[in-house]
Structure formats: structure tokens, C-alpha cells
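To start, the structure itself, in C-alpha cells.
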Amino acid sequence: MKKKIFSGVQPTGNLHLGNYLGAIKNFVKLNNEVSNDCVFCVVDLHAITVTQDPKKLRDNIYETVATFVASGIDPEKSIIFNQSGVSAHSETAWILSCTARMGWLNRMTQFKEKAGKDKEKASIGLYSYPVLMAADILLYDTTHVPVGDDQKQHLELCRDIAQKFNNDFTADNFFRIPEPLIQKEFSRIMSLRDGSKKMSKSELSDLSRINLTDDKDQIINKIKKAKTDTLPLPSTSAGLEKRPEAKNLMGIYSSLIDENLDMTIGKFSGKNFSEFKENLSQVLVDKITPISSEIKKLLKEKNFLDQILKKGREKADRIASEKLKKIQEIVGF
């Protein structure tokens with residue numbers, strides 16, 4: 001039986017190496033496996049849980065689609081669309097919000113982190129974000145969802161909502177209970193300036209991240225200036241535990257070439273950072289610059305990107321609308 005894969009990326013601009021290694025690289029692999037039916041969504045409804053500039057949001061939607069295609073996702077094999085273009089997502093989210101419980105949402109740690117101390121000023125959308133995420137997943141009879149550490153809790157909530165809906169309406173197996181897809185041999189990508197912080201577009205210094213639109217010179221310069229320590233590279237993984245910057249850079253290298261971290265450690269054991277950084281820069285340039293060039297090319301072809309989104313929306317809408325009709329019948333509409 002084919003796996004049905006659903007995943008989404010927020011169109012917040014400046015997609016970086018962390019987005020690529022944490023999600024998009026895996027999307028390409030899933031897209032290429034014949035045993036998978038994949039739906040990749042530009043989750044623009046999720047993006048507006050915080051204030052967005054409308055023009056930038058539109059530009060970022062295009063950039064996200066361009067990044068998908070430039071990275072190797074084939075729009076003929078997989079469905080690529082923007083979430084706001086399929087109204088079933090919003091309608092289903094409302095119905096599921098009447099199934100979800102306040103206590104479940106109150107336990108969501110990501111809301112607490114994003115809302116900060118003054119959560120009374122956070123939007124309701126930010127609070128109920130996981131219910132919309134559940135609607136995204138459940139509309140497509142998804143069997144597997146690629147998730148990182150920050151989304152595991154949301155997927156558990158999605159599973160709880162699906163099970164409660166099935167039980168409440170005596171609709172056994174109506175919503176499929178999705179399973180997580182966890183990447184093997186993947187290191188969480190941290191800031192190039194501080195190995196204790198996740199790589200993020202919101203960090204002020206552009207030197208903290210490798211953007212997927214960076215050129216060769218920018219990549220080499222950023223790796224050259226990446227924070228390190230004064231010790232030679234260790235001979236075992238235990239030697240990286242109290243060296244976050246070294247662990248991050250070696251994790252980036254091993255993730256890029258699909259190599260076990262221990263193999264990378266063995267390859268560079270005892271060597272200094274300057275030699276390692278030269279190797280890392282070359283691997284990054286080989287992997288990222290073709291993607292960067294293709295993104296820039298595609299962004300000049302808006303009509304082509306519009307066609308990808310249009311075809312994707314039509315395919316997604318057919319699936320999601322049919323599922324929503326069944327949901328409405330079960331609820332009593």
C-alpha cells in the first residue's frame with residue numbers, strides 16, 4: 001500500500017540550510033520514491049498567525065515554491081499548492097476545533113515559546129494553529145508526516161483529534177491516524193554564530209545562517225567566519241558533547257553527504273578547523289549554489305510558478321473537498 005505523505009513549509013522568506021536539511025532534502029527523497037503519494041503545501045494560512053506584509057507574503061509564497069522545485073521536487077509527481085487556495089482547510093479546521101479540547105491546546109509548548117511572557121497579546125490563530133495543522137493532515141488521508149522535534153507534539157494532537165472525532169461520531173477509521181516520519185542520521189542545524197541556538201532567519205546577523213539563495217562567495221565567507229573553538233577535532237562523538245559549534249559544523253557536513261556522524265569524525269579526527277572548514281565549504285558550495293541559481297531563475301518566471309500552484313490547487317481541492325463533504329455528512333450538516 002502506498003504511503004500518503006503530507007508536509008508543509010511556511011512562506012516566511014529566506015529559507016536557509018536548516019530548512020533544507022531539516023525538511024526539503026527529505027521531501028525530495030520522498031518525492032522520488034514510487035511507493036509514496038506526496039502533498040507539499042505552502043502553508044500561508046499558518047504564516048499569518050503573526051503579522052505579515054502582504055507584498056512580502058506573496059513574494060515569499062513564490063520563493064517557497066521556487067525552492068521546492070529548485071531542490072528537486074517534481075510538481076508532476078507530487079502536489080504542490082498554497083493552503084489558502086483550498087478552502088476545505090479552513091472549514092475543516094473549524095469543525096475540528098469543536099472536537100479538540102482546551103486542555104490539549106494548553107499543553108502545546110510551541111505556543112508558550114512563541115507567545116512569550118505576554119501571551120494575552122498573542123493571536124487566537126497562533127493558539128489554535130495545531131488544529132489547522134490537523135485539518136491539513138487529515139484531509140488527505142495522510143499515513144505519514146515528516147516531523148522534526150518541534151512538531152512532534154502537534155502531530156500527537158492531530159492523532160488525538162482524529163481518534164476523538166472517530167469515537168464521537170462512531171465513524172471507525174474515518175480519519176486515518178497518521179504516523180511520524182523521523183529522519184535518520186540527521187543533526188539539528190544550529191546558528192553559525194552560536195551553537196546553542198537553532199539556525200533562524202529571525203537572527204539579526206546574516207552570518208548566522210546559510211541562505212538557500214547565497215552564492216559561492218557568501219557561503220565560503222560565512223563558513224570561514226563561523227564560530228569554532230581552539231581545540232583540534234575529536235576522535236569520538238563523546239568529544240563533541242561540550243563543543244556545540246564543532247558538533248554543529250560536523251553535523252552539517254555529515255547531513256549534506258548522507259554520512260554517519262561517526263564516519264565524519266573519523267575522517268577529520270585530530271585535524272584543525274581551517275582544513276575542515278575548507279572541506280565543509282566545498283560540500284556546501286557543490287550542494288547549495290545550484291539550488292540558489294535555480295531559485296533565482298525561477299523567480300523570474302512567475303507565470304511558470306503560477307501554473308504549478310494552479311495545477312496543485314486543483315488536485316488538492318478535489319481530494320480535500322470530497323473529504324470535507326463526508327465530514328459534513330457525519331457531523332449532520
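Ordering of the C-alpha cells sets the chain letters (A, B, ...), residue numbers begin anew at 1 in every chain, and ligands are numbered from 1 in the order given.
In the backbone-derived DSSP annotation, strand (DSSP E) within segment 67-255 of chain A comprises Ile79, Ile80, Phe81, Asn82, His144, Val145, Pro146, Glu179, Pro180 and Leu181 of chain A.
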**Message:** I'd like the neighbourhood of Gln83 of chain A as a ChimeraX atom specification, where a residue qualifies if any of its atoms comes within 9 Å (using only C-alpha atoms), though same-chain residues fewer than 4 positions away should be ignored.
**Reply:** /A:8,41-46,87,89-90,136,313
**Request:** Enumerate the residues of segment 117-301 of chain A with a DSSP assignment of helix (DSSP H, G or I), computed from the backbone, and present them as number ranges by chain.
**Result:** A: 119-121, 124-138, 149-168, 206-208, 216-225, 237-240, 244-256, 261-268, 273-298
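Comparing A:Thr99, A:Asn221, A:Ser237, A:Gln110 by their smallest distance to Arg159 of chain A, the closest is A:Thr99 (using only C-alpha atoms).
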**Message:** Give me, as an MDAnalysis selection string, all polymer residues having an atom no more than 12 Å from segment 258-272 of chain A, counting only C-alpha atoms and skipping those fewer than 5 positions away in the same chain.
**Reply:** chainID A and resid 21 25:26 29 183:187 228:240 246:253 277:280 283
File dump, residues just selected, N, CA, C and O atoms, as a compact mmCIF listing (two decimals), in the first residue's frame:
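To be explicit, this is the file written out as part.txt:
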```
# COMPACT_ATOMS: atom_id res chain seq x y z
N LEU A 21 18.04 20.96 5.17
CA LEU A 21 18.44 19.68 5.75
C LEU A 21 17.35 19.12 6.67
O LEU A 21 17.22 17.89 6.79
N LYS A 25 15.24 18.59 1.85
CA LYS A 25 16.06 17.48 1.33
C LYS A 25 15.31 16.15 1.48
O LYS A 25 15.34 15.30 0.58
N ASN A 26 14.62 16.01 2.60
CA ASN A 26 13.84 14.79 2.83
C ASN A 26 12.61 14.74 1.92
O ASN A 26 12.21 13.66 1.45
N LYS A 29 13.61 13.30 -1.39
CA LYS A 29 13.76 11.84 -1.29
C LYS A 29 12.39 11.16 -1.32
O LYS A 29 12.18 10.18 -2.04
N GLN A 183 13.60 11.56 10.34
CA GLN A 183 14.81 11.37 9.54
C GLN A 183 15.89 10.67 10.34
O GLN A 183 16.13 10.99 11.51
N LYS A 184 16.54 9.71 9.71
CA LYS A 184 17.70 9.06 10.33
C LYS A 184 18.95 9.85 9.97
O LYS A 184 19.01 10.52 8.95
N GLU A 185 19.95 9.75 10.80
CA GLU A 185 21.25 10.39 10.55
C GLU A 185 21.09 11.88 10.25
O GLU A 185 21.67 12.41 9.30
N PHE A 186 20.25 12.56 11.06
CA PHE A 186 20.08 13.99 10.84
C PHE A 186 20.45 14.75 12.10
O PHE A 186 20.00 14.41 13.20
N SER A 187 21.28 15.78 11.94
CA SER A 187 21.64 16.63 13.06
C SER A 187 20.85 17.93 12.98
O SER A 187 20.75 18.52 11.89
N THR A 228 34.12 28.78 16.13
CA THR A 228 34.70 27.48 16.49
C THR A 228 35.41 27.63 17.83
O THR A 228 35.30 28.66 18.48
N ASP A 229 36.15 26.59 18.22
CA ASP A 229 36.97 26.69 19.43
C ASP A 229 38.43 26.44 19.05
O ASP A 229 38.75 26.28 17.86
N THR A 230 39.31 26.39 20.03
CA THR A 230 40.76 26.30 19.74
C THR A 230 41.29 24.87 19.70
O THR A 230 42.44 24.65 19.34
N LEU A 231 40.47 23.89 20.03
CA LEU A 231 40.93 22.50 20.09
C LEU A 231 40.88 21.84 18.72
O LEU A 231 40.07 22.21 17.87
N PRO A 232 41.72 20.81 18.49
CA PRO A 232 41.59 20.03 17.25
C PRO A 232 40.30 19.22 17.29
O PRO A 232 39.69 19.03 18.35
N LEU A 233 39.88 18.74 16.14
CA LEU A 233 38.64 17.97 16.08
C LEU A 233 38.81 16.63 16.78
O LEU A 233 39.87 16.01 16.71
N PRO A 234 37.76 16.18 17.47
CA PRO A 234 37.87 14.99 18.33
C PRO A 234 37.89 13.68 17.53
O PRO A 234 37.60 13.65 16.34
N SER A 235 38.18 12.58 18.25
CA SER A 235 38.23 11.26 17.62
C SER A 235 36.97 10.44 17.89
O SER A 235 36.77 9.39 17.29
N THR A 236 36.11 10.94 18.80
CA THR A 236 34.86 10.23 19.12
C THR A 236 33.73 11.24 19.24
O THR A 236 33.96 12.43 19.48
N SER A 237 32.48 10.76 19.12
CA SER A 237 31.32 11.65 19.25
C SER A 237 31.21 12.22 20.66
O SER A 237 30.68 13.32 20.84
N ALA A 238 31.72 11.48 21.65
CA ALA A 238 31.68 11.98 23.03
C ALA A 238 32.49 13.27 23.17
O ALA A 238 32.19 14.13 23.99
N GLY A 239 33.51 13.40 22.31
CA GLY A 239 34.35 14.59 22.35
C GLY A 239 33.67 15.84 21.84
O GLY A 239 34.21 16.94 21.95
N LEU A 240 32.48 15.70 21.27
CA LEU A 240 31.72 16.85 20.76
C LEU A 240 30.69 17.37 21.75
O LEU A 240 30.11 18.43 21.53
N ALA A 246 31.47 22.95 17.14
CA ALA A 246 32.13 21.86 16.41
C ALA A 246 31.11 20.78 16.05
O ALA A 246 31.10 20.26 14.92
N LYS A 247 30.24 20.46 17.00
CA LYS A 247 29.21 19.45 16.75
C LYS A 247 28.28 19.88 15.63
O LYS A 247 27.90 19.08 14.76
N ASN A 248 27.93 21.16 15.59
CA ASN A 248 27.03 21.68 14.56
C ASN A 248 27.66 21.60 13.18
O ASN A 248 27.05 21.09 12.23
N LEU A 249 28.90 22.06 13.05
CA LEU A 249 29.56 22.06 11.75
C LEU A 249 29.78 20.65 11.22
O LEU A 249 29.59 20.38 10.03
N MET A 250 30.18 19.74 12.12
CA MET A 250 30.38 18.36 11.69
C MET A 250 29.03 17.69 11.35
O MET A 250 28.95 16.86 10.43
N GLY A 251 27.98 18.08 12.06
CA GLY A 251 26.64 17.57 11.76
C GLY A 251 26.16 18.05 10.40
O GLY A 251 25.54 17.30 9.65
N ILE A 252 26.46 19.31 10.07
CA ILE A 252 26.09 19.85 8.76
C ILE A 252 26.79 19.06 7.65
O ILE A 252 26.18 18.64 6.67
N TYR A 253 28.09 18.83 7.83
CA TYR A 253 28.86 18.08 6.82
C TYR A 253 28.29 16.69 6.61
O TYR A 253 28.04 16.27 5.47
N LYS A 277 36.99 23.32 7.61
CA LYS A 277 36.12 24.34 7.03
C LYS A 277 36.26 24.41 5.51
O LYS A 277 35.28 24.68 4.81
N GLU A 278 37.47 24.17 5.00
CA GLU A 278 37.66 24.15 3.54
C GLU A 278 36.82 23.04 2.92
O GLU A 278 36.17 23.24 1.88
N ASN A 279 36.85 21.86 3.54
CA ASN A 279 36.08 20.73 3.05
C ASN A 279 34.58 21.01 3.16
O ASN A 279 33.81 20.71 2.23
N LEU A 280 34.15 21.58 4.30
CA LEU A 280 32.74 21.88 4.50
C LEU A 280 32.25 22.92 3.49
O LEU A 280 31.17 22.78 2.90
N VAL A 283 31.69 21.28 0.08
CA VAL A 283 30.46 20.47 0.06
C VAL A 283 29.23 21.38 -0.02
O VAL A 283 28.29 21.10 -0.78
```
**Item:** Residue nearest Lys325 of chain A - candidates A:Ser200, A:Thr92, A:Thr64, A:Thr49, atoms counted: only C-alpha atoms
**Value:**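 Smallest distance to Lys325 of chain A is found for A:Thr92.
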For Asn36 of chain A, find every residue with an atom within 8 Å (counting only C-alpha atoms), except residues of its own chain fewer than 2 positions away, and show them as a compact mmCIF listing (two decimals) with all heavy atoms, in the first residue's frame.
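New file result.txt:
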```
# COMPACT_ATOMS: atom_id res chain seq x y z
N LYS A 2 0.50 2.22 -0.84
CA LYS A 2 1.28 3.44 -0.93
C LYS A 2 1.21 4.26 0.36
O LYS A 2 0.16 4.34 0.99
CB LYS A 2 0.80 4.30 -2.10
CG LYS A 2 1.36 3.88 -3.44
CD LYS A 2 1.15 5.00 -4.46
CE LYS A 2 1.93 4.69 -5.73
NZ LYS A 2 1.92 5.83 -6.66
N LYS A 3 2.32 4.89 0.70
CA LYS A 3 2.31 5.85 1.80
C LYS A 3 1.76 7.16 1.26
O LYS A 3 2.11 7.58 0.15
CB LYS A 3 3.72 6.07 2.33
CG LYS A 3 4.31 4.92 3.12
CD LYS A 3 5.71 5.28 3.59
CE LYS A 3 6.35 4.13 4.36
NZ LYS A 3 7.76 4.42 4.70
N LYS A 4 0.91 7.81 2.04
CA LYS A 4 0.41 9.13 1.68
C LYS A 4 1.09 10.14 2.60
O LYS A 4 0.89 10.11 3.82
CB LYS A 4 -1.11 9.19 1.80
CG LYS A 4 -1.82 8.28 0.79
CD LYS A 4 -3.32 8.48 0.81
CE LYS A 4 -3.99 7.63 -0.27
NZ LYS A 4 -5.46 7.83 -0.30
N ILE A 5 1.91 10.98 2.01
CA ILE A 5 2.76 11.91 2.76
C ILE A 5 2.19 13.32 2.66
O ILE A 5 1.84 13.78 1.56
CB ILE A 5 4.19 11.93 2.18
CG1 ILE A 5 4.74 10.52 1.94
CG2 ILE A 5 5.11 12.76 3.06
CD1 ILE A 5 5.04 9.73 3.15
N LEU A 30 11.44 11.69 -0.56
CA LEU A 30 10.09 11.11 -0.53
C LEU A 30 9.41 11.24 -1.89
O LEU A 30 8.72 10.33 -2.33
CB LEU A 30 9.26 11.82 0.55
CG LEU A 30 9.70 11.58 2.00
CD1 LEU A 30 8.99 12.56 2.94
CD2 LEU A 30 9.45 10.15 2.44
N ASN A 31 9.61 12.38 -2.56
CA ASN A 31 9.05 12.62 -3.89
C ASN A 31 9.55 11.58 -4.89
O ASN A 31 8.81 11.16 -5.79
CB ASN A 31 9.44 14.03 -4.34
CG ASN A 31 9.16 14.31 -5.80
OD1 ASN A 31 8.08 14.73 -6.17
ND2 ASN A 31 10.15 14.09 -6.66
N GLU A 33 10.48 8.47 -4.35
CA GLU A 33 10.15 7.06 -4.06
C GLU A 33 8.78 6.74 -4.66
O GLU A 33 7.78 7.39 -4.34
CB GLU A 33 10.16 6.81 -2.56
CG GLU A 33 11.55 6.90 -1.94
CD GLU A 33 11.56 6.78 -0.42
OE1 GLU A 33 10.47 6.60 0.17
OE2 GLU A 33 12.65 6.87 0.18
N VAL A 34 8.73 5.73 -5.51
CA VAL A 34 7.49 5.41 -6.25
C VAL A 34 6.38 4.92 -5.33
O VAL A 34 5.20 4.94 -5.69
CB VAL A 34 7.75 4.36 -7.35
CG1 VAL A 34 8.66 4.93 -8.42
CG2 VAL A 34 8.35 3.08 -6.76
N CYS A 38 2.77 12.15 -2.51
CA CYS A 38 3.19 13.28 -1.67
C CYS A 38 2.38 14.54 -1.95
O CYS A 38 2.11 14.88 -3.10
CB CYS A 38 4.67 13.58 -1.91
SG CYS A 38 5.78 12.25 -1.45
```
**Polymer residues at most 12 Å from Leu138 of chain A, only C-alpha atoms, same-chain spacing of 4 or more positions, as a VMD selection string** = chain A and resid 4 to 7 39 88 to 89 92 to 93 96 131 to 134 142 to 145 155 157 to 163 165 to 166 173 to 179 319 to 320 323 to 324 327
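For the set A:Lys326, A:Asp214, A:Pro75, A:Ser84, the residue with the smallest atom-to-atom gap to Ile295 of chain A is A:Asp214, counting only C-alpha atoms.
With only C-alpha atoms as the atoms that count, the residue of A:Val9, A:Arg209, A:Gly116, A:Ala226 with the shortest distance to Ile80 of chain A is A:Val9.
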**Selected residue of minimal separation from Gln282 of chain A among A:Asp217, A:Asp194, A:Glu294, A:Asp118, counting only C-alpha atoms** =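 Residue with the minimum atom-to-atom distance to Gln282 of chain A: A:Asp217.
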**Message:** So that I can see what lies close to Lys197 of chain A, please list as a list in words the residues with an atom at most 12 Å from it, counting only C-alpha atoms and leaving out residues fewer than 3 positions away in the same chain.
**Reply:**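 Contacts, with the query itself left out: Gly18, Arg188, Ile189, Met190, Ser191, Leu192, Arg193, Asp194, Ser200, Lys201, Ser202, Glu203, Ser208, Arg209, Pro244, Glu245 and Asn248 of chain A.
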Per residue of segment 192-272 of chain A within 8 Å of segment 287-293 of chain A, which atom pair is closest and at what distance in Å (one decimal), using only C-alpha atoms, listed by chain and increasing number, as a Markdown table?
```
| residue | atom | partner | partner_atom | distance |
| --- | --- | --- | --- | --- |
| A:Leu212 | CA | A:Ser292 | CA | 5.5 |
| A:Thr213 | CA | A:Ser292 | CA | 4.4 |
| A:Asp214 | CA | A:Ser292 | CA | 6.3 |
| A:Asp215 | CA | A:Thr289 | CA | 5.8 |
| A:Lys216 | CA | A:Thr289 | CA | 6.3 |
| A:Leu256 | CA | A:Lys287 | CA | 7.7 |
```
